[in-house]
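Listing of protein.csv, CSV, C-alpha atoms
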```csv
chain,number,residue,atom,x,y,z
A,1,MET,CA,-63.7,-64.1,16.8
A,2,LYS,CA,-65.1,-60.6,16.0
A,3,ILE,CA,-62.8,-57.6,15.8
A,4,ILE,CA,-64.5,-54.6,17.4
A,5,LYS,CA,-63.3,-51.1,16.9
A,6,LEU,CA,-64.1,-49.1,20.0
A,7,LEU,CA,-63.4,-45.4,19.8
A,8,VAL,CA,-63.0,-43.3,22.9
A,9,LEU,CA,-63.8,-39.6,22.6
A,10,GLY,CA,-63.9,-36.8,25.1
A,11,LYS,CA,-62.4,-33.5,26.3
A,12,SER,CA,-58.9,-33.2,27.8
A,13,ASN,CA,-58.6,-34.5,31.3
A,14,VAL,CA,-61.9,-36.5,31.5
A,15,GLY,CA,-60.0,-39.7,32.0
A,16,LYS,CA,-59.9,-41.3,28.5
A,17,SER,CA,-56.4,-42.8,28.9
A,18,SER,CA,-57.1,-44.0,32.4
A,19,LEU,CA,-60.2,-45.8,31.2
A,20,ILE,CA,-58.3,-47.4,28.3
A,21,ASN,CA,-55.6,-48.6,30.7
A,22,TYR,CA,-58.2,-50.0,33.0
A,23,LEU,CA,-60.1,-51.9,30.2
A,24,SER,CA,-57.0,-53.2,28.5
A,25,LYS,CA,-55.1,-53.8,31.8
A,26,ASN,CA,-52.0,-52.3,30.1
A,27,HIS,CA,-50.1,-49.1,30.8
A,28,SER,CA,-49.5,-47.8,27.4
A,29,ALA,CA,-51.7,-44.7,27.2
A,30,LEU,CA,-50.4,-41.5,28.6
A,31,VAL,CA,-52.1,-40.6,31.9
A,32,SER,CA,-51.8,-37.2,33.6
A,33,ASN,CA,-54.0,-34.8,35.5
A,34,LYS,CA,-52.8,-32.0,33.2
A,35,LEU,CA,-54.8,-30.8,30.3
A,36,HIS,CA,-53.9,-31.9,26.7
A,37,ALA,CA,-51.7,-34.8,27.9
A,38,THR,CA,-52.5,-37.1,25.0
A,39,ARG,CA,-51.4,-35.7,21.6
A,40,ILE,CA,-51.7,-38.5,19.2
A,41,ALA,CA,-54.4,-41.1,18.5
A,42,SER,CA,-53.2,-44.6,19.4
A,43,SER,CA,-54.7,-48.0,19.3
A,44,TYR,CA,-54.5,-50.9,21.8
A,45,GLU,CA,-55.8,-54.4,21.3
A,46,PHE,CA,-56.9,-57.0,23.8
A,47,GLU,CA,-59.1,-60.1,23.8
A,48,TYR,CA,-62.4,-59.9,25.6
A,49,LYS,CA,-65.0,-62.7,25.8
A,50,ASN,CA,-64.0,-64.2,22.4
A,51,ASN,CA,-63.8,-60.8,20.8
A,52,ARG,CA,-60.7,-58.8,19.8
A,53,ILE,CA,-61.3,-55.3,20.9
A,54,LYS,CA,-59.3,-52.6,19.1
A,55,ILE,CA,-59.6,-49.6,21.4
A,56,ILE,CA,-58.6,-46.1,20.1
A,57,ASP,CA,-57.4,-43.3,22.4
A,58,THR,CA,-57.8,-39.8,21.0
A,59,PRO,CA,-56.4,-36.5,22.0
A,60,GLY,CA,-58.7,-34.2,24.0
A,61,ALA,CA,-60.1,-31.6,21.6
A,62,SER,CA,-61.0,-28.8,23.9
A,63,ILE,CA,-58.1,-26.8,22.7
A,64,THR,CA,-58.1,-23.0,22.0
A,65,ASP,CA,-54.5,-22.7,20.6
A,66,ASN,CA,-54.3,-22.4,16.8
A,67,ASN,CA,-50.9,-23.7,16.1
A,68,LEU,CA,-50.3,-26.7,13.8
A,69,LEU,CA,-50.0,-29.1,16.7
A,70,SER,CA,-53.3,-28.0,18.2
A,71,GLN,CA,-55.0,-28.3,14.8
A,72,ALA,CA,-53.7,-31.8,14.4
A,73,MET,CA,-55.0,-32.8,17.9
A,74,LYS,CA,-58.5,-31.4,17.2
A,75,SER,CA,-58.9,-33.1,13.8
A,76,SER,CA,-57.5,-36.4,15.2
A,77,SER,CA,-60.2,-36.6,17.8
A,78,THR,CA,-63.1,-36.7,15.3
A,79,LYS,CA,-61.8,-38.2,12.1
A,80,TYR,CA,-62.1,-41.8,13.3
A,81,ILE,CA,-65.8,-41.6,14.0
A,82,THR,CA,-67.1,-43.2,10.8
A,83,SER,CA,-64.6,-46.1,11.0
A,84,ALA,CA,-65.7,-47.2,14.5
A,85,ASP,CA,-68.1,-50.0,15.4
A,86,ILE,CA,-69.0,-48.4,18.7
A,87,ILE,CA,-68.1,-45.1,20.5
A,88,ILE,CA,-67.7,-44.2,24.1
A,89,LEU,CA,-68.1,-40.5,24.6
A,90,LEU,CA,-66.5,-39.9,28.0
A,91,THR,CA,-67.4,-36.8,30.0
A,92,GLN,CA,-67.5,-35.7,33.7
A,93,PRO,CA,-69.6,-33.5,36.0
A,94,GLN,CA,-69.2,-30.0,34.7
A,95,ASN,CA,-71.0,-26.7,34.2
A,96,ASN,CA,-71.9,-27.2,30.6
A,97,TYR,CA,-71.8,-29.8,27.9
A,98,ASN,CA,-71.3,-27.7,24.8
A,99,TYR,CA,-68.3,-29.7,23.5
A,100,GLU,CA,-70.2,-33.0,24.0
A,101,MET,CA,-73.2,-31.6,22.1
A,102,LYS,CA,-71.1,-30.9,19.0
A,103,ILE,CA,-69.5,-34.4,19.2
A,104,ILE,CA,-72.9,-36.1,19.6
A,105,ASP,CA,-74.2,-34.3,16.5
A,106,GLN,CA,-71.3,-35.7,14.5
A,107,ILE,CA,-71.8,-39.2,15.9
A,108,ARG,CA,-75.6,-39.1,15.3
A,109,GLU,CA,-75.0,-38.1,11.7
A,110,SER,CA,-72.7,-41.1,11.2
A,111,GLY,CA,-75.2,-43.6,12.6
A,112,ILE,CA,-72.6,-45.3,14.8
A,113,LYS,CA,-73.8,-46.7,18.1
A,114,PHE,CA,-72.5,-44.7,21.0
A,115,ILE,CA,-72.5,-44.8,24.8
A,116,VAL,CA,-72.2,-41.6,27.0
A,117,VAL,CA,-70.1,-42.4,30.1
A,118,VAL,CA,-69.7,-39.9,32.9
A,119,ASN,CA,-66.4,-40.4,34.7
A,120,LYS,CA,-65.4,-39.0,38.1
A,121,ILE,CA,-68.9,-39.5,39.5
A,122,ASP,CA,-67.3,-39.6,43.0
A,123,LEU,CA,-67.1,-35.8,42.6
A,124,ASP,CA,-70.9,-35.6,42.1
A,125,LEU,CA,-72.4,-38.0,44.6
A,126,ASN,CA,-75.5,-35.7,44.9
A,127,LYS,CA,-76.1,-36.0,41.1
A,128,LYS,CA,-76.1,-32.2,40.8
A,129,PHE,CA,-75.1,-32.3,37.1
A,130,GLU,CA,-77.1,-35.4,36.0
A,131,ASP,CA,-80.3,-33.6,34.9
A,132,LYS,CA,-78.2,-30.9,33.1
A,133,LEU,CA,-76.3,-33.6,31.2
A,134,LEU,CA,-79.3,-35.6,30.1
A,135,SER,CA,-81.3,-32.5,29.0
A,136,SER,CA,-78.3,-30.9,27.2
A,137,LEU,CA,-77.5,-34.0,25.2
A,138,ALA,CA,-81.1,-35.1,24.7
A,139,LEU,CA,-80.4,-38.4,26.4
A,140,ASN,CA,-82.7,-40.7,28.4
A,141,GLN,CA,-79.8,-42.2,30.3
A,142,ALA,CA,-76.0,-42.3,30.7
A,143,MET,CA,-73.5,-44.6,32.5
A,144,TYR,CA,-71.9,-43.1,35.6
A,145,ILE,CA,-68.5,-44.4,36.8
A,146,SER,CA,-65.3,-43.5,38.5
A,147,VAL,CA,-62.2,-45.2,37.0
A,148,THR,CA,-59.9,-44.1,39.9
A,149,GLU,CA,-62.4,-45.2,42.6
A,150,SER,CA,-63.6,-48.3,40.6
A,151,ILE,CA,-67.2,-47.2,40.9
A,152,ASN,CA,-69.7,-49.0,38.6
A,153,ILE,CA,-67.1,-50.4,36.3
A,154,GLU,CA,-69.0,-53.7,36.3
A,155,GLY,CA,-72.0,-51.8,35.0
A,156,LEU,CA,-70.0,-50.4,32.2
A,157,TYR,CA,-68.7,-53.9,31.2
A,158,LYS,CA,-72.3,-55.1,31.2
A,159,LEU,CA,-73.4,-52.3,29.0
A,160,LEU,CA,-70.5,-52.9,26.6
A,161,ASP,CA,-71.4,-56.6,26.5
A,162,GLU,CA,-75.0,-55.8,25.5
A,163,ASN,CA,-73.8,-53.6,22.7
A,164,ILE,CA,-70.9,-55.7,21.5
A,165,ASP,CA,-73.3,-58.7,21.1
A,166,LYS,CA,-75.4,-56.7,18.6
A,167,ILE,CA,-72.5,-55.4,16.5
A,168,VAL,CA,-71.8,-56.6,13.0
A,169,PRO,CA,-68.2,-55.5,12.5
A,170,SER,CA,-67.7,-53.1,9.5
A,171,GLU,CA,-66.2,-54.6,6.4
A,172,ASN,CA,-63.5,-51.9,6.5
A,173,THR,CA,-60.5,-53.8,7.8
A,174,GLU,CA,-58.0,-51.0,7.1
A,175,ASP,CA,-56.0,-50.0,10.2
A,176,ILE,CA,-57.7,-46.7,11.3
A,177,VAL,CA,-54.8,-45.6,13.5
A,178,LEU,CA,-51.3,-45.4,12.3
A,179,SER,CA,-50.0,-46.2,15.8
A,180,THR,CA,-46.4,-47.4,16.1
A,181,SER,CA,-44.1,-48.4,18.9
A,182,GLN,CA,-42.3,-45.1,18.1
A,183,SER,CA,-45.2,-42.9,19.0
A,184,ASN,CA,-46.1,-44.9,22.1
A,185,ILE,CA,-42.4,-44.7,23.3
A,186,GLN,CA,-42.4,-41.0,22.7
A,187,GLU,CA,-45.6,-40.5,24.6
A,188,LEU,CA,-44.6,-42.6,27.6
A,189,ILE,CA,-41.3,-40.7,27.9
A,190,ARG,CA,-43.3,-37.5,27.7
A,191,GLU,CA,-45.6,-38.7,30.5
A,192,ALA,CA,-42.6,-38.5,32.9
A,193,ILE,CA,-42.0,-34.9,31.8
A,194,VAL,CA,-45.7,-33.9,32.1
A,195,ASN,CA,-46.0,-35.4,35.6
A,196,ARG,CA,-42.8,-33.8,36.9
A,197,THR,CA,-42.9,-30.3,35.5
A,198,ASN,CA,-45.3,-27.4,36.1
A,199,GLU,CA,-47.0,-24.4,34.5
A,200,GLU,CA,-46.5,-24.2,30.7
A,201,LEU,CA,-43.6,-26.5,30.4
A,202,PRO,CA,-45.6,-29.7,29.8
A,203,TYR,CA,-47.3,-28.1,26.8
A,204,GLU,CA,-44.0,-26.6,25.4
A,205,SER,CA,-42.1,-29.9,25.3
A,206,ALA,CA,-42.2,-32.9,23.1
A,207,VAL,CA,-40.2,-36.1,22.6
A,208,LEU,CA,-38.7,-37.4,19.4
A,209,LEU,CA,-37.3,-40.9,19.2
A,210,LYS,CA,-33.9,-40.9,17.5
A,211,PHE,CA,-32.6,-44.4,17.9
A,212,PHE,CA,-34.3,-47.7,18.8
A,213,LYS,CA,-32.6,-51.1,18.8
A,214,GLU,CA,-33.8,-54.4,20.2
A,215,GLN,CA,-31.2,-56.7,21.7
A,216,LYS,CA,-31.6,-60.2,23.2
A,217,ASN,CA,-32.5,-59.0,26.8
A,218,SER,CA,-32.8,-55.2,26.4
A,219,PHE,CA,-33.6,-52.2,24.2
A,220,ILE,CA,-31.3,-49.3,23.4
A,221,ILE,CA,-33.4,-46.1,23.1
A,222,LYS,CA,-32.1,-42.6,22.4
A,223,ALA,CA,-34.6,-39.6,22.3
A,224,ASP,CA,-34.6,-35.9,22.1
A,225,ILE,CA,-36.7,-33.8,24.5
A,226,ILE,CA,-37.6,-30.7,22.4
A,227,VAL,CA,-38.5,-27.4,24.1
A,228,SER,CA,-39.2,-23.9,22.8
A,229,LYS,CA,-36.8,-21.8,25.0
A,230,GLU,CA,-33.4,-22.0,26.6
A,231,ASN,CA,-34.9,-21.5,30.1
A,232,HIS,CA,-37.2,-24.5,29.5
A,233,LYS,CA,-34.1,-26.5,28.7
A,234,LYS,CA,-32.6,-25.5,32.0
A,235,ILE,CA,-35.7,-26.6,33.9
A,236,ILE,CA,-35.8,-30.0,32.1
A,237,ILE,CA,-32.1,-30.5,33.0
A,238,GLY,CA,-32.5,-29.3,36.5
A,239,LYS,CA,-29.8,-28.4,39.1
A,240,LYS,CA,-26.8,-30.5,38.5
A,241,GLY,CA,-28.9,-32.7,36.1
A,242,SER,CA,-31.3,-33.7,38.8
A,243,MET,CA,-34.5,-33.3,36.8
A,244,ILE,CA,-33.4,-35.0,33.6
A,245,LYS,CA,-32.1,-37.9,35.8
A,246,ASN,CA,-35.5,-38.1,37.5
A,247,ILE,CA,-37.3,-38.1,34.1
A,248,GLY,CA,-34.9,-40.8,32.8
A,249,ILE,CA,-35.5,-43.1,35.8
A,250,LYS,CA,-39.3,-42.9,35.6
A,251,SER,CA,-39.2,-43.2,31.8
A,252,ARG,CA,-37.1,-46.4,32.1
A,253,GLU,CA,-39.5,-47.9,34.6
A,254,THR,CA,-42.5,-47.2,32.5
A,255,LEU,CA,-40.9,-48.4,29.2
A,256,GLU,CA,-39.6,-51.6,30.8
A,257,GLY,CA,-43.2,-52.4,31.9
A,258,TYR,CA,-44.4,-51.6,28.3
A,259,LEU,CA,-41.7,-53.4,26.4
A,260,GLY,CA,-41.0,-56.2,28.8
A,261,LYS,CA,-37.2,-55.8,28.7
A,262,LYS,CA,-34.4,-53.8,30.3
A,263,ILE,CA,-34.1,-50.3,28.9
A,264,HIS,CA,-30.9,-48.5,28.2
A,265,LEU,CA,-32.2,-44.9,27.8
A,266,SER,CA,-30.3,-41.7,26.7
A,267,LEU,CA,-32.2,-38.4,26.7
A,268,PHE,CA,-31.0,-35.1,25.2
A,269,VAL,CA,-32.6,-31.7,25.5
A,270,ILE,CA,-32.8,-29.7,22.3
A,271,VAL,CA,-34.2,-26.1,21.8
A,272,LYS,CA,-36.3,-25.7,18.7
A,273,ASP,CA,-38.0,-22.3,18.6
A,274,ASN,CA,-41.7,-22.5,17.6
A,275,TRP,CA,-41.6,-26.3,17.1
A,276,LYS,CA,-45.4,-26.5,17.4
A,277,ASN,CA,-45.6,-24.8,14.0
A,278,ASN,CA,-42.7,-26.7,12.4
A,279,THR,CA,-44.2,-29.1,9.8
A,280,SER,CA,-41.1,-31.3,9.5
A,281,ILE,CA,-40.7,-31.8,13.2
A,282,LEU,CA,-44.4,-32.6,13.7
A,283,LYS,CA,-44.2,-35.1,10.9
A,284,GLU,CA,-41.2,-36.8,12.5
A,285,MET,CA,-43.0,-37.1,15.8
A,286,GLY,CA,-46.1,-38.5,14.1
A,287,TYR,CA,-48.4,-35.7,15.0
A,288,ILE,CA,-49.2,-34.9,11.4
A,289,GLU,CA,-49.1,-36.9,8.2
```
Mind turning the file's structure into structure tokens?
Amino acid sequence: MKIIKLLVLGKSNVGKSSLINYLSKNHSALVSNKLHATRIASSYEFEYKNNRIKIIDTPGASITDNNLLSQAMKSSSTKYITSADIIILLTQPQNNYNYEMKIIDQIRESGIKFIVVVNKIDLDLNKKFEDKLLSSLALNQAMYISVTESINIEGLYKLLDENIDKIVPSENTEDIVLSTSQSNIQELIREAIVNRTNEELPYESAVLLKFFKEQKNSFIIKADIIVSKENHKKIIIGKKGSMIKNIGIKSRETLEGYLGKKIHLSLFVIVKDNWKNNTSILKEMGYIE
């Protein structure tokens, strides 16, 4: 059985995590319609036609902030290129492809096989952006799909099959993503926050796992929700605790699906001013080494 390292790259909000969840049939990558949802590179494994696919989800790198967290997200998106066996560069119909041009230059320098996949094609049925994409990226063709509408997914599988058959896996067997249950649990709890809050709050909050214990039929999990300001804390807690209760209910549902056992979850909201530039906090969360 071959082990294939499949790296997924792309800007924020193009659907990387949704594609990974679709391919692996497992909800463990954070999915949101808000920018910069995924913050940490994570790996997910599944068997496919006598191959073990190790698929890597990376943070979106179209970030203009210059804090330590943003710098870590940007570097995480591209540092795995040379360790991959095949790369999917995921994009969408848009006005320009400047970001994708920079990434393709890096991929071409590495010599790694890559596929350009255009998601959300249901938003561009007239193929308005197709010529622009091909000319901008100096491509003869690309794969056009929609994950949410299940458009041309079979075509993507066929293209992957053709490329996987030709791959001789790299001799580098070192784990290229330091992904742990801790980081996945943190991100899945954060998904509930991202999808239930508005404006800047999803980007000003983070989750830090403080206690994790497996029992016979359940897990005990305690986590801190870290925010930058007191008014953010009030929003997370909500009127009479309604928001934190809602976040807790949704987090438990998601974590039970991910871990396969009943979850006893306790969430605490903590204010940490300027946490996105706090090295020790970012290390604890796994965002930086």
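The residue that comes closest to His232 of chain A, out of A:Thr197, A:Ser18, A:Ser146, A:Thr82 and on the basis of only C-alpha atoms, is A:Thr197.
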d(atom CA of Ser218 of chain A, atom CA of Lys261 of chain A) in Å | 5.0 Å
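Using only C-alpha atoms, the nearest neighbour of Gly111 of chain A within the list A:Gly241, A:Asp85, A:Gln92, A:Ser150 is A:Asp85.
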Sort by chain and increasing residue number a table of all residues of segment 85-177 of chain A within 12 Å of segment 46-51 of chain A, each with its closest pair of atoms and their distance in Å to one decimal, counting all atoms listed in the file, and write it as a Markdown table.
```
| residue | atom | partner | partner_atom | distance |
| --- | --- | --- | --- | --- |
| A:Tyr157 | CA | A:Tyr48 | CA | 10.3 |
| A:Lys158 | CA | A:Lys49 | CA | 11.8 |
| A:Leu160 | CA | A:Tyr48 | CA | 10.8 |
| A:Asp161 | CA | A:Lys49 | CA | 8.9 |
| A:Ile164 | CA | A:Asn51 | CA | 8.8 |
| A:Asp165 | CA | A:Asn51 | CA | 9.7 |
| A:Ile167 | CA | A:Asn51 | CA | 11.1 |
| A:Val168 | CA | A:Asn51 | CA | 11.9 |
| A:Pro169 | CA | A:Asn51 | CA | 10.8 |
```
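Proximity of A:Ile107, A:Gln94, A:Thr148, A:Val116 to Phe129 of chain A, computed with all atoms listed in the file, is greatest for A:Gln94.
When atom CA of Asn231 of chain A is paired with atom CA of Met243 of chain A, their separation reads 13.6 Å.
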Across A:Ala142, A:Lys166, A:Ser135, A:Asn274, the smallest distance to Lys2 of chain A, with only C-alpha atoms counted, is shown by A:Lys166
